[in-house]
>>> print(open('data25.pdb').read())   # PDB, C-alpha atoms and all ligand atoms
MODEL        1
ATOM      1  CA  MET X 210      -3.780  13.068  14.714
ATOM      2  CA  SER X 211      -4.046  12.248  11.000
ATOM      3  CA  ILE X 212      -2.842   9.582   8.613
ATOM      4  CA  ILE X 213      -1.650   9.811   5.018
ATOM      5  CA  ILE X 214      -2.238   7.232   2.342
ATOM      6  CA  PHE X 215       0.176   7.570  -0.577
ATOM      7  CA  GLY X 216      -1.073   5.324  -3.357
ATOM      8  CA  SER X 217      -3.292   4.381  -6.237
ATOM      9  CA  ILE X 218      -6.713   5.655  -7.236
ATOM     10  CA  ASN X 219      -8.660   3.572  -9.783
ATOM     11  CA  MET X 220     -12.079   3.410 -11.322
ATOM     12  CA  ASP X 221     -13.154  -0.226 -10.900
ATOM     13  CA  LEU X 222     -15.143  -1.665 -13.824
ATOM     14  CA  VAL X 223     -16.846  -4.539 -12.073
ATOM     15  CA  VAL X 224     -18.610  -7.461 -13.755
ATOM     16  CA  GLN X 225     -20.628 -10.007 -11.756
ATOM     17  CA  THR X 226     -20.767 -13.396 -13.432
ATOM     18  CA  HIS X 227     -22.005 -16.873 -12.477
ATOM     19  CA  ARG X 228     -18.558 -18.184 -13.469
ATOM     20  CA  LEU X 229     -15.251 -16.753 -14.686
ATOM     21  CA  PRO X 230     -14.408 -17.475 -18.360
ATOM     22  CA  LYS X 231     -11.600 -19.847 -19.277
ATOM     23  CA  PRO X 232      -8.921 -18.459 -21.672
ATOM     24  CA  GLY X 233     -10.526 -17.953 -25.114
ATOM     25  CA  GLU X 234     -14.069 -18.407 -23.767
ATOM     26  CA  THR X 235     -16.978 -15.905 -23.717
ATOM     27  CA  VAL X 236     -19.540 -16.024 -20.911
ATOM     28  CA  ILE X 237     -22.622 -13.844 -20.460
ATOM     29  CA  GLY X 238     -22.277 -11.818 -17.258
ATOM     30  CA  ASP X 239     -25.071 -10.907 -14.841
ATOM     31  CA  HIS X 240     -24.417  -7.290 -13.927
ATOM     32  CA  PHE X 241     -21.968  -4.391 -14.511
ATOM     33  CA  VAL X 242     -21.126  -1.383 -12.340
ATOM     34  CA  THR X 243     -18.374   1.252 -12.038
ATOM     35  CA  LEU X 244     -17.113   1.865  -8.497
ATOM     36  CA  GLY X 245     -14.325   3.862  -6.894
ATOM     37  CA  GLY X 246     -11.295   1.661  -6.217
ATOM     38  CA  GLY X 247      -7.511   1.437  -6.161
ATOM     39  CA  LYS X 248      -5.718   0.094  -3.111
ATOM     40  CA  GLY X 249      -4.644   3.560  -1.922
ATOM     41  CA  ALA X 250      -8.098   5.076  -2.296
ATOM     42  CA  ASN X 251      -9.835   2.076  -0.704
ATOM     43  CA  GLN X 252      -7.552   2.211   2.328
ATOM     44  CA  ALA X 253      -8.118   5.959   2.646
ATOM     45  CA  VAL X 254     -11.906   5.507   2.562
ATOM     46  CA  ALA X 255     -11.694   2.697   5.136
ATOM     47  CA  ALA X 256      -9.874   4.978   7.591
ATOM     48  CA  ALA X 257     -12.005   8.064   6.862
ATOM     49  CA  ARG X 258     -15.243   6.091   7.396
ATOM     50  CA  LEU X 259     -13.992   5.328  10.912
ATOM     51  CA  GLY X 260     -13.683   9.046  11.647
ATOM     52  CA  THR X 261      -9.911   9.299  11.110
ATOM     53  CA  SER X 262      -8.552  12.506   9.597
ATOM     54  CA  THR X 263      -7.217  11.007   6.343
ATOM     55  CA  TYR X 264      -5.141  12.547   3.563
ATOM     56  CA  LEU X 265      -4.745  10.794   0.209
ATOM     57  CA  VAL X 266      -1.781  11.708  -1.993
ATOM     58  CA  GLY X 267      -1.611  10.388  -5.557
ATOM     59  CA  ARG X 268      -2.786  11.118  -9.112
ATOM     60  CA  VAL X 269      -5.865  10.868 -11.309
ATOM     61  CA  GLY X 270      -6.229  11.793 -14.991
ATOM     62  CA  ALA X 271      -8.045  14.899 -16.266
ATOM     63  CA  ASP X 272     -10.985  12.761 -17.398
ATOM     64  CA  SER X 273     -14.502  12.004 -16.216
ATOM     65  CA  PHE X 274     -13.292   9.020 -14.154
ATOM     66  CA  GLY X 275     -10.837  11.324 -12.359
ATOM     67  CA  GLN X 276     -13.610  13.828 -11.544
ATOM     68  CA  GLU X 277     -15.933  11.082 -10.327
ATOM     69  CA  LEU X 278     -13.222   9.479  -8.211
ATOM     70  CA  LEU X 279     -12.321  12.748  -6.496
ATOM     71  CA  ALA X 280     -15.981  13.565  -5.829
ATOM     72  CA  GLY X 281     -16.524  10.099  -4.329
ATOM     73  CA  LEU X 282     -13.460  10.364  -2.096
ATOM     74  CA  ASN X 283     -14.506  13.809  -0.873
ATOM     75  CA  ASP X 284     -17.995  12.481  -0.081
ATOM     76  CA  PHE X 285     -16.404   9.781   2.065
ATOM     77  CA  GLY X 286     -14.511  12.488   3.975
ATOM     78  CA  VAL X 287     -11.045  11.840   2.510
ATOM     79  CA  ASN X 288      -8.885  14.978   2.171
ATOM     80  CA  THR X 289      -7.846  14.963  -1.520
ATOM     81  CA  GLN X 290      -5.862  18.222  -1.599
ATOM     82  CA  GLY X 291      -2.753  16.122  -2.221
ATOM     83  CA  VAL X 292      -4.187  14.433  -5.328
ATOM     84  CA  PHE X 293      -2.694  15.825  -8.552
ATOM     85  CA  ILE X 294      -4.820  15.915 -11.720
ATOM     86  CA  ASP X 295      -2.454  14.796 -14.493
ATOM     87  CA  LYS X 296      -3.493  16.203 -17.879
ATOM     88  CA  THR X 297      -1.146  13.911 -19.802
ATOM     89  CA  ILE X 298      -2.749  10.534 -19.071
ATOM     90  CA  SER X 299      -6.014   8.797 -18.196
ATOM     91  CA  SER X 300      -7.079   7.748 -14.714
ATOM     92  CA  GLY X 301      -6.159   4.281 -13.491
ATOM     93  CA  VAL X 302      -8.729   1.520 -13.985
ATOM     94  CA  GLY X 303      -9.293  -1.883 -12.420
ATOM     95  CA  MET X 304     -11.005  -4.493 -14.621
ATOM     96  CA  ILE X 305     -12.648  -6.765 -12.068
ATOM     97  CA  ASN X 306     -14.583  -9.997 -12.678
ATOM     98  CA  VAL X 307     -16.416 -11.342  -9.641
ATOM     99  CA  GLU X 308     -17.798 -14.880  -9.722
ATOM    100  CA  THR X 309     -20.903 -15.756  -7.702
ATOM    101  CA  GLY X 310     -19.500 -16.970  -4.382
ATOM    102  CA  GLY X 311     -16.760 -14.351  -4.253
ATOM    103  CA  GLU X 312     -13.760 -15.492  -6.386
ATOM    104  CA  ASN X 313     -12.395 -12.671  -8.543
ATOM    105  CA  THR X 314      -9.758 -11.669 -11.068
ATOM    106  CA  ILE X 315      -8.379  -8.124 -11.324
ATOM    107  CA  ILE X 316      -6.338  -6.450 -14.049
ATOM    108  CA  VAL X 317      -5.138  -2.955 -13.179
ATOM    109  CA  VAL X 318      -4.097  -0.449 -15.846
ATOM    110  CA  PRO X 319      -2.201   2.151 -13.783
ATOM    111  CA  GLY X 320      -2.713   5.252 -15.977
ATOM    112  CA  ALA X 321      -1.971   8.315 -13.829
ATOM    113  CA  ASN X 322      -0.921   6.097 -10.889
ATOM    114  CA  GLY X 323       2.049   4.942 -12.962
ATOM    115  CA  LYS X 324       3.323   8.532 -13.243
ATOM    116  CA  VAL X 325       3.543   9.188  -9.498
ATOM    117  CA  ASP X 326       7.076  10.448  -8.759
ATOM    118  CA  GLN X 327       9.215  12.656  -6.513
ATOM    119  CA  SER X 328       7.002  15.698  -7.211
ATOM    120  CA  ASP X 329       4.137  13.860  -5.504
ATOM    121  CA  VAL X 330       6.418  12.914  -2.601
ATOM    122  CA  ASN X 331       7.245  16.629  -2.207
ATOM    123  CA  ARG X 332       3.556  17.307  -1.502
ATOM    124  CA  LEU X 333       3.760  14.843   1.388
ATOM    125  CA  ASN X 334       6.307  16.991   3.198
ATOM    126  CA  ASN X 335       3.669  19.641   4.002
ATOM    127  CA  ILE X 336       1.327  17.076   5.576
ATOM    128  CA  LEU X 337       3.790  14.736   7.337
ATOM    129  CA  PRO X 338       4.248  16.974  10.434
ATOM    130  CA  LYS X 339       0.503  16.595  11.204
ATOM    131  CA  THR X 340       0.584  12.844  10.759
ATOM    132  CA  SER X 341       1.046   9.758  12.927
ATOM    133  CA  LEU X 342       1.237   7.153  10.160
ATOM    134  CA  LEU X 343       1.970   6.825   6.433
ATOM    135  CA  LEU X 344       0.205   3.899   4.745
ATOM    136  CA  LEU X 345       1.742   2.635   1.486
ATOM    137  CA  GLN X 346       0.952  -0.026  -1.135
ATOM    138  CA  LEU X 347       2.766  -0.960  -4.363
ATOM    139  CA  GLU X 348       0.356   0.060  -7.147
ATOM    140  CA  ILE X 349       2.442   3.176  -7.844
ATOM    141  CA  PRO X 350       6.141   3.222  -8.847
ATOM    142  CA  LEU X 351       8.379   1.625  -6.219
ATOM    143  CA  GLU X 352      10.918   4.511  -6.280
ATOM    144  CA  ALA X 353       8.182   6.950  -5.242
ATOM    145  CA  VAL X 354       6.979   4.604  -2.481
ATOM    146  CA  GLU X 355      10.520   4.288  -1.131
ATOM    147  CA  ALA X 356      11.079   8.053  -1.288
ATOM    148  CA  ALA X 357       7.826   8.575   0.647
ATOM    149  CA  ALA X 358       8.949   6.117   3.334
ATOM    150  CA  ILE X 359      12.289   7.942   3.660
ATOM    151  CA  ALA X 360      10.465  11.286   3.989
ATOM    152  CA  ALA X 361       8.161   9.859   6.688
ATOM    153  CA  LYS X 362      11.115   8.541   8.694
ATOM    154  CA  LYS X 363      12.610  12.061   8.780
ATOM    155  CA  PHE X 364       9.456  13.260  10.551
ATOM    156  CA  GLY X 365       9.332  10.245  12.890
ATOM    157  CA  VAL X 366       6.084   9.058  11.261
ATOM    158  CA  THR X 367       5.184   5.334  11.444
ATOM    159  CA  VAL X 368       5.545   3.626   8.043
ATOM    160  CA  MET X 369       3.071   0.850   7.228
ATOM    161  CA  LEU X 370       3.408  -1.082   3.969
ATOM    162  CA  ASP X 371       0.826  -3.318   2.332
ATOM    163  CA  PRO X 372       3.214  -4.967  -0.202
ATOM    164  CA  SER X 373       0.567  -5.431  -2.864
ATOM    165  CA  PRO X 374       1.137  -6.204  -5.672
ATOM    166  CA  VAL X 375       4.629  -7.621  -5.010
ATOM    167  CA  PRO X 376       7.092  -6.378  -7.650
ATOM    168  CA  ASP X 377       9.693  -8.683  -9.209
ATOM    169  CA  ASN X 378      12.591  -7.127  -7.320
ATOM    170  CA  PHE X 379      11.625  -5.761  -3.936
ATOM    171  CA  PRO X 380      14.886  -4.299  -2.552
ATOM    172  CA  ASP X 381      16.139  -5.601   0.814
ATOM    173  CA  ARG X 382      17.127  -2.062   1.864
ATOM    174  CA  PHE X 383      13.429  -1.104   1.972
ATOM    175  CA  TYR X 384      12.688  -3.345   4.981
ATOM    176  CA  SER X 385      14.573  -1.132   7.440
ATOM    177  CA  LEU X 386      12.169   1.724   6.572
ATOM    178  CA  ILE X 387       9.078  -0.318   7.432
ATOM    179  CA  ASP X 388       7.507  -0.319  10.885
ATOM    180  CA  ILE X 389       4.537  -2.527   9.945
ATOM    181  CA  ILE X 390       4.261  -4.866   6.949
ATOM    182  CA  THR X 391       0.937  -6.566   6.090
ATOM    183  CA  PRO X 392       1.321  -9.087   3.244
ATOM    184  CA  ASN X 393      -1.223 -11.815   2.575
ATOM    185  CA  GLN X 394       0.040 -15.392   2.417
ATOM    186  CA  THR X 395       0.801 -15.259  -1.317
ATOM    187  CA  GLU X 396       2.587 -11.913  -1.073
ATOM    188  CA  ALA X 397       4.613 -13.034   1.944
ATOM    189  CA  ALA X 398       5.625 -16.187   0.039
ATOM    190  CA  ARG X 399       6.799 -14.140  -2.945
ATOM    191  CA  LEU X 400       8.817 -11.825  -0.705
ATOM    192  CA  VAL X 401      10.574 -14.577   1.278
ATOM    193  CA  GLY X 402      10.912 -17.010  -1.624
ATOM    194  CA  PHE X 403       9.157 -20.116  -0.257
ATOM    195  CA  GLU X 404       5.587 -21.457   0.009
ATOM    196  CA  ILE X 405       3.797 -20.541   3.216
ATOM    197  CA  ASN X 406       1.461 -23.431   3.891
ATOM    198  CA  ASP X 407       1.782 -24.234   7.607
ATOM    199  CA  GLN X 408       2.476 -22.597  10.973
ATOM    200  CA  GLU X 409       6.186 -23.332  10.829
ATOM    201  CA  LYS X 410       6.506 -21.525   7.488
ATOM    202  CA  ILE X 411       4.440 -18.585   8.746
ATOM    203  CA  ASN X 412       6.811 -18.228  11.720
ATOM    204  CA  LYS X 413       9.846 -18.621   9.484
ATOM    205  CA  ALA X 414       8.593 -15.916   7.104
ATOM    206  CA  ALA X 415       7.847 -13.562  10.018
ATOM    207  CA  ASN X 416      11.381 -14.105  11.372
ATOM    208  CA  ILE X 417      12.863 -13.162   8.014
ATOM    209  CA  PHE X 418      10.913  -9.875   7.894
ATOM    210  CA  LEU X 419      11.913  -9.079  11.502
ATOM    211  CA  GLU X 420      15.583  -9.873  10.822
ATOM    212  CA  LYS X 421      15.512  -7.537   7.822
ATOM    213  CA  GLY X 422      14.404  -4.656  10.046
ATOM    214  CA  VAL X 423      10.571  -4.653  10.057
ATOM    215  CA  LYS X 424       9.179  -4.004  13.578
ATOM    216  CA  ILE X 425       5.696  -5.545  13.260
ATOM    217  CA  VAL X 426       4.786  -8.322  10.833
ATOM    218  CA  VAL X 427       1.120  -9.035  10.113
ATOM    219  CA  ILE X 428       0.365 -11.872   7.682
ATOM    220  CA  LYS X 429      -3.221 -11.883   6.427
ATOM    221  CA  LEU X 430      -4.564 -15.426   6.228
ATOM    222  CA  GLY X 431      -7.925 -14.736   4.536
ATOM    223  CA  LYS X 432     -10.664 -16.973   5.926
ATOM    224  CA  ASN X 433      -8.202 -18.192   8.599
ATOM    225  CA  GLY X 434      -7.692 -14.772  10.177
ATOM    226  CA  ALA X 435      -4.220 -13.298  10.610
ATOM    227  CA  PHE X 436      -0.861 -13.864  12.280
ATOM    228  CA  TYR X 437       1.250 -11.155  13.878
ATOM    229  CA  ALA X 438       4.798 -11.072  15.200
ATOM    230  CA  THR X 439       7.101  -8.568  16.869
ATOM    231  CA  GLU X 440      10.455  -9.173  18.598
ATOM    232  CA  LYS X 441       8.544  -9.787  21.862
ATOM    233  CA  GLU X 442       5.260 -11.504  20.994
ATOM    234  CA  ARG X 443       3.503 -13.449  18.278
ATOM    235  CA  ASP X 444       0.056 -14.983  17.922
ATOM    236  CA  PHE X 445      -2.800 -15.865  15.579
ATOM    237  CA  LEU X 446      -5.962 -13.791  15.365
ATOM    238  CA  LYS X 447      -9.225 -15.566  14.578
ATOM    239  CA  PRO X 448     -11.238 -14.328  11.584
ATOM    240  CA  PHE X 449     -14.377 -12.240  12.083
ATOM    241  CA  ALA X 450     -17.088 -14.459  10.594
ATOM    242  CA  VAL X 451     -19.389 -12.949   7.925
ATOM    243  CA  LYS X 452     -21.211 -14.153   4.825
ATOM    244  CA  SER X 453     -18.935 -13.016   1.977
ATOM    245  CA  VAL X 454     -20.307 -12.071  -1.428
ATOM    246  CA  ASP X 455     -17.296 -10.213  -2.919
ATOM    247  CA  THR X 456     -13.778 -10.280  -1.443
ATOM    248  CA  VAL X 457     -12.464  -7.319  -3.525
ATOM    249  CA  GLY X 458     -10.931  -4.762  -1.160
ATOM    250  CA  ALA X 459     -10.927  -6.999   1.954
ATOM    251  CA  GLY X 460      -7.183  -6.475   2.403
ATOM    252  CA  ASP X 461      -7.642  -2.728   1.937
ATOM    253  CA  GLY X 462     -10.309  -2.637   4.643
ATOM    254  CA  PHE X 463      -7.967  -4.586   6.928
ATOM    255  CA  ASN X 464      -5.124  -2.095   6.401
ATOM    256  CA  GLY X 465      -7.327   0.981   6.714
ATOM    257  CA  GLY X 466      -8.833  -0.380   9.946
ATOM    258  CA  ILE X 467      -5.417  -1.030  11.496
ATOM    259  CA  ALA X 468      -4.100   2.405  10.492
ATOM    260  CA  ALA X 469      -7.175   4.183  11.898
ATOM    261  CA  SER X 470      -6.907   2.322  15.176
ATOM    262  CA  LEU X 471      -3.169   2.972  15.595
ATOM    263  CA  ASP X 472      -3.747   6.677  14.891
ATOM    264  CA  ARG X 473      -6.094   6.664  17.919
ATOM    265  CA  GLY X 474      -3.265   5.237  20.016
ATOM    266  CA  LEU X 475      -4.859   1.806  20.482
ATOM    267  CA  PRO X 476      -2.551  -1.171  21.173
ATOM    268  CA  LEU X 477      -1.533  -3.551  18.392
ATOM    269  CA  LYS X 478      -3.920  -6.379  19.333
ATOM    270  CA  GLU X 479      -6.882  -4.004  19.345
ATOM    271  CA  ALA X 480      -5.718  -2.539  16.013
ATOM    272  CA  LEU X 481      -5.656  -6.031  14.520
ATOM    273  CA  LYS X 482      -9.237  -6.597  15.660
ATOM    274  CA  TRP X 483     -10.293  -3.363  13.957
ATOM    275  CA  GLY X 484      -8.537  -4.529  10.805
ATOM    276  CA  ALA X 485     -10.143  -7.979  10.923
ATOM    277  CA  ILE X 486     -13.666  -6.575  11.329
ATOM    278  CA  VAL X 487     -13.323  -3.866   8.681
ATOM    279  CA  GLY X 488     -11.755  -6.363   6.242
ATOM    280  CA  ALA X 489     -14.494  -8.929   6.849
ATOM    281  CA  LEU X 490     -17.344  -6.423   6.488
ATOM    282  CA  THR X 491     -15.837  -5.228   3.183
ATOM    283  CA  THR X 492     -16.677  -8.646   1.735
ATOM    284  CA  THR X 493     -20.375  -8.490   2.603
ATOM    285  CA  LYS X 494     -21.352  -6.255  -0.338
ATOM    286  CA  GLU X 495     -20.300  -5.728  -3.924
ATOM    287  CA  GLY X 496     -17.254  -3.481  -4.473
ATOM    288  CA  ALA X 497     -14.391  -2.343  -2.301
ATOM    289  CA  GLN X 498     -15.529   0.964  -0.814
ATOM    290  CA  THR X 499     -19.280   0.365  -0.726
ATOM    291  CA  ALA X 500     -19.307  -2.037   2.228
ATOM    292  CA  LEU X 501     -16.788  -0.281   4.468
ATOM    293  CA  PRO X 502     -18.245   0.244   7.963
ATOM    294  CA  ASP X 503     -18.450   3.461   9.927
ATOM    295  CA  LEU X 504     -17.279   3.671  13.548
ATOM    296  CA  LYS X 505     -20.694   2.756  14.993
ATOM    297  CA  MET X 506     -20.931  -0.421  12.923
ATOM    298  CA  LEU X 507     -17.388  -1.366  13.909
ATOM    299  CA  GLU X 508     -18.091  -0.761  17.600
ATOM    300  CA  ASN X 509     -21.185  -2.984  17.441
ATOM    301  CA  CYS X 510     -19.099  -5.772  15.940
ATOM    302  CA  LEU X 511     -16.350  -5.321  18.553
ATOM    303  CA  ILE X 512     -18.891  -5.667  21.379
ATOM    304  CA  ASN X 513     -20.360  -8.854  19.942
ATOM    305  CA  TRP X 514     -17.100 -10.507  18.867
ATOM    306  CA  VAL X 515     -15.715 -13.146  21.209
ATOM    307  CA  ASN X 516     -12.144 -13.752  20.023
TER     308      ASN X 516
HETATM  309  O1  LIG X 601      -7.578  -4.221  -3.570
HETATM  310  C1  LIG X 601      -8.639  -4.031  -4.470
HETATM  311  C2  LIG X 601      -8.276  -3.007  -5.486
HETATM  312  O2  LIG X 601      -7.233  -3.529  -6.280
HETATM  313  C3  LIG X 601      -9.375  -2.658  -6.458
HETATM  314  O3  LIG X 601     -10.166  -1.588  -6.023
HETATM  315  C4  LIG X 601      -8.629  -2.406  -7.766
HETATM  316  O4  LIG X 601      -8.743  -1.105  -8.244
HETATM  317  C5  LIG X 601      -7.181  -2.766  -7.456
HETATM  318  O5  LIG X 601      -6.430  -1.670  -7.179
ENDMDL
END
>>> encode(input="data25.pdb", output="structure tokens")
Amino acid sequence: MSIIIFGSINMDLVVQTHRLPKPGETVIGDHFVTLGGGKGANQAVAAARLGTSTYLVGRVGADSFGQELLAGLNDFGVNTQGVFIDKTISSGVGMINVETGGENTIIVVPGANGKVDQSDVNRLNNILPKTSLLLLQLEIPLEAVEAAAIAAKKFGVTVMLDPSPVPDNFPDRFYSLIDIITPNQTEAARLVGFEINDQEKINKAANIFLEKGVKIVVIKLGKNGAFYATEKERDFLKPFAVKSVDTVGAGDGFNGGIAASLDRGLPLKEALKWGAIVGALTTTKEGAQTALPDLKMLENCLINWVN
């Protein structure tokens, strides 16, 4: 079928540096580049690269970044008919510092993403009947994300939430709208209110999400792979080993890979493998969208991966 990503679109202003500055310090960086980013856009590109029919719904500003971002998304095969060009505000930007070895800091200025509202959700209603899955993140206003999830439920569409970044007050009522939640360890900890530093805590956190109404919990564990839990089964998934140079967008690749696989009707464990490979490959080059694999690359990795 098709999937929809309802979320943020940013221009990433990326600096490579041998080390990140301390507060008040200036360091001379090595290299600067502008790249398409934003969690919503990255996840859409990840799925489209794998041959999935992918709609992105969101906003950019009426500026040169907005034009560039739309052109880039279209080149990657993402359907951007649902992206509104907002003349009242600039496009979202991500200020990203990447240290040699992969550590990074990101500051996002939402711009047009921060204005996403019910009028954008209304555009979803035309696409939802053609869709198997709605993939959401939290870089646009929470009310709009919740309204989109409610709309998807009316059409029987699977709702997948990457709860990133975690807002201060994530409402409990939201969990019953979520079929699949995919926090990383830090995000899961913020949502459940305790540190997640061992297997017992991972299980405890997963139980809390399940009790609140989520059907599938996937906790991303970075270099340690991932953990998944449903009412019936739970297990750890090993990481797909690569040489990482820049971890920006790894989580987005993971989510896009899972969504693409589920849209093809593959079972959960296979979907998690797709996510793990796409997420890992995203870290092998600079930027979020630049290293995303196509279906052939993914299939080669699947053949050679003993998990
Ligand atoms: O997940 C990575 C993304 O986070 C970047 O592309 C940046 O724009 C921020 O949204």
>>> residues_near_ligand(input="data25.pdb", ligand="ligand LIG 601 (chain X)", cutoff="8 Å", atoms="all atoms listed in the file", output="CSV table (one decimal) with C-alpha atoms, in the coordinates of the input")
chain,number,residue,atom,x,y,z
X,217,SER,CA,-3.3,4.4,-6.2
X,218,ILE,CA,-6.7,5.7,-7.2
X,219,ASN,CA,-8.7,3.6,-9.8
X,220,MET,CA,-12.1,3.4,-11.3
X,221,ASP,CA,-13.2,-0.2,-10.9
X,245,GLY,CA,-14.3,3.9,-6.9
X,246,GLY,CA,-11.3,1.7,-6.2
X,247,GLY,CA,-7.5,1.4,-6.2
X,248,LYS,CA,-5.7,0.1,-3.1
X,249,GLY,CA,-4.6,3.6,-1.9
X,250,ALA,CA,-8.1,5.1,-2.3
X,251,ASN,CA,-9.8,2.1,-0.7
X,301,GLY,CA,-6.2,4.3,-13.5
X,302,VAL,CA,-8.7,1.5,-14.0
X,303,GLY,CA,-9.3,-1.9,-12.4
X,304,MET,CA,-11.0,-4.5,-14.6
X,305,ILE,CA,-12.6,-6.8,-12.1
X,315,ILE,CA,-8.4,-8.1,-11.3
X,316,ILE,CA,-6.3,-6.4,-14.0
X,317,VAL,CA,-5.1,-3.0,-13.2
X,348,GLU,CA,0.4,0.1,-7.1
X,457,VAL,CA,-12.5,-7.3,-3.5
X,458,GLY,CA,-10.9,-4.8,-1.2
X,459,ALA,CA,-10.9,-7.0,2.0
X,460,GLY,CA,-7.2,-6.5,2.4
X,461,ASP,CA,-7.6,-2.7,1.9
X,496,GLY,CA,-17.3,-3.5,-4.5
X,497,ALA,CA,-14.4,-2.3,-2.3
X,498,GLN,CA,-15.5,1.0,-0.8
>>> closest_residue(input="data25.pdb", among="X:Ser385, X:Ser211, X:Gln290, X:Ser341", to="Asp329 of chain X", atoms="only C-alpha atoms")
X:Gln290
>>> resolve_selection(input="data25.pdb", expression="the PyMOL selection byres (((chain X and resi 391) around 7) and not hetatm)", output="list of chain:residue names")
X:Leu370, X:Asp371, X:Pro372, X:Ile389, X:Ile390, X:Pro392, X:Asn393, X:Val426, X:Val427, X:Ile428, X:Lys429
>>> resolve_selection(input="data25.pdb", expression="the PyMOL selection byres (((chain X and resi 306-312) around 10) and not hetatm)", output="number ranges by chain")
X: 222-230, 238-241, 303-305, 313-316, 452-457, 492-493, 495-496
>>> write_last_selection(input="data25.pdb", atoms="C-alpha atoms", output="PDB file, in the frame of the given file")
ATOM      1  CA  LEU X 222     -15.143  -1.665 -13.824  1.00  0.00           C
ATOM      2  CA  VAL X 223     -16.846  -4.539 -12.073  1.00  0.00           C
ATOM      3  CA  VAL X 224     -18.610  -7.461 -13.755  1.00  0.00           C
ATOM      4  CA  GLN X 225     -20.628 -10.007 -11.756  1.00  0.00           C
ATOM      5  CA  THR X 226     -20.767 -13.396 -13.432  1.00  0.00           C
ATOM      6  CA  HIS X 227     -22.005 -16.873 -12.477  1.00  0.00           C
ATOM      7  CA  ARG X 228     -18.558 -18.184 -13.469  1.00  0.00           C
ATOM      8  CA  LEU X 229     -15.251 -16.753 -14.686  1.00  0.00           C
ATOM      9  CA  PRO X 230     -14.408 -17.475 -18.360  1.00  0.00           C
ATOM     10  CA  GLY X 238     -22.277 -11.818 -17.258  1.00  0.00           C
ATOM     11  CA  ASP X 239     -25.071 -10.907 -14.841  1.00  0.00           C
ATOM     12  CA  HIS X 240     -24.417  -7.290 -13.927  1.00  0.00           C
ATOM     13  CA  PHE X 241     -21.968  -4.391 -14.511  1.00  0.00           C
ATOM     14  CA  GLY X 303      -9.293  -1.883 -12.420  1.00  0.00           C
ATOM     15  CA  MET X 304     -11.005  -4.493 -14.621  1.00  0.00           C
ATOM     16  CA  ILE X 305     -12.648  -6.765 -12.068  1.00  0.00           C
ATOM     17  CA  ASN X 313     -12.395 -12.671  -8.543  1.00  0.00           C
ATOM     18  CA  THR X 314      -9.758 -11.669 -11.068  1.00  0.00           C
ATOM     19  CA  ILE X 315      -8.379  -8.124 -11.324  1.00  0.00           C
ATOM     20  CA  ILE X 316      -6.338  -6.450 -14.049  1.00  0.00           C
ATOM     21  CA  LYS X 452     -21.211 -14.153   4.825  1.00  0.00           C
ATOM     22  CA  SER X 453     -18.935 -13.016   1.977  1.00  0.00           C
ATOM     23  CA  VAL X 454     -20.307 -12.071  -1.428  1.00  0.00           C
ATOM     24  CA  ASP X 455     -17.296 -10.213  -2.919  1.00  0.00           C
ATOM     25  CA  THR X 456     -13.778 -10.280  -1.443  1.00  0.00           C
ATOM     26  CA  VAL X 457     -12.464  -7.319  -3.525  1.00  0.00           C
ATOM     27  CA  THR X 492     -16.677  -8.646   1.735  1.00  0.00           C
ATOM     28  CA  THR X 493     -20.375  -8.490   2.603  1.00  0.00           C
ATOM     29  CA  GLU X 495     -20.300  -5.728  -3.924  1.00  0.00           C
ATOM     30  CA  GLY X 496     -17.254  -3.481  -4.473  1.00  0.00           C
TER      31      GLY X 496
END
>>> resolve_selection(input="data25.pdb", expression="the PyMOL selection byres (((chain X and resi 284-286) around 7) and not hetatm)", output="ChimeraX atom specification")
/X:254,257-258,280-283,287-288
>>> atom_distance(input="data25.pdb", atom1="atom CA of Ile213 of chain X", atom2="atom CA of Leu343 of chain X")
4.9 Å
>>> residues_around(input="data25.pdb", residues="segment 349-366 of chain X", least_positions_apart="4", cutoff="7 Å", atoms="only C-alpha atoms", output="PyMOL selection string")
chain X and resi 216-217+322-323+325-327+330+337-338+340-343+345+383+386
>>> atom_distance(input="data25.pdb", atom1="atom CA of Phe274 of chain X", atom2="atom CA of Leu344 of chain X")
23.8 Å
>>> residues_around(input="data25.pdb", residues="Leu347 of chain X", least_positions_apart="5", cutoff="7 Å", atoms="all atoms listed in the file", output="list in words")
Pro372, Ser373, Pro374 and Val375 of chain X
>>> closest_residue(input="data25.pdb", among="X:Ala438, X:Asn464, X:Lys482, X:Asn513", to="Lys413 of chain X", atoms="all atoms listed in the file")
X:Ala438
>>> closest_residue(input="data25.pdb", among="X:Arg332, X:Lys447, X:Lys478, X:Lys324", to="Leu265 of chain X", atoms="only C-alpha atoms")
X:Arg332
>>> atom_distance(input="data25.pdb", atom1="atom CA of Ala256 of chain X", atom2="atom CA of Pro376 of chain X")
25.5 Å
>>> closest_residue(input="data25.pdb", among="X:Ile486, X:Val451, X:Val401, X:Thr243", to="Glu508 of chain X", atoms="all atoms listed in the file")
X:Ile486
>>> closest_residue(input="data25.pdb", among="X:Asp407, X:Asp472, X:Asp295, X:Glu479", to="Met210 of chain X", atoms="only C-alpha atoms")
X:Asp472
>>> residues_around(input="data25.pdb", residues="Leu419 of chain X", least_positions_apart="4", cutoff="9 Å", atoms="all atoms listed in the file", output="number ranges by chain")
X: 384, 414-415, 423-426, 438-440
>>> residues_around(input="data25.pdb", residues="Thr499 of chain X", least_positions_apart="5", cutoff="9 Å", atoms="all atoms listed in the file", output="list in words")
Leu244, Gly245, Thr491 and Lys494 of chain X
>>> write_last_selection(input="data25.pdb", atoms="C-alpha atoms", output="compact mmCIF listing (two decimals), in the coordinates of the input")
# COMPACT_ATOMS: atom_id res chain seq x y z
CA LEU X 244 -17.11 1.86 -8.50
CA GLY X 245 -14.32 3.86 -6.89
CA THR X 491 -15.84 -5.23 3.18
CA LYS X 494 -21.35 -6.26 -0.34
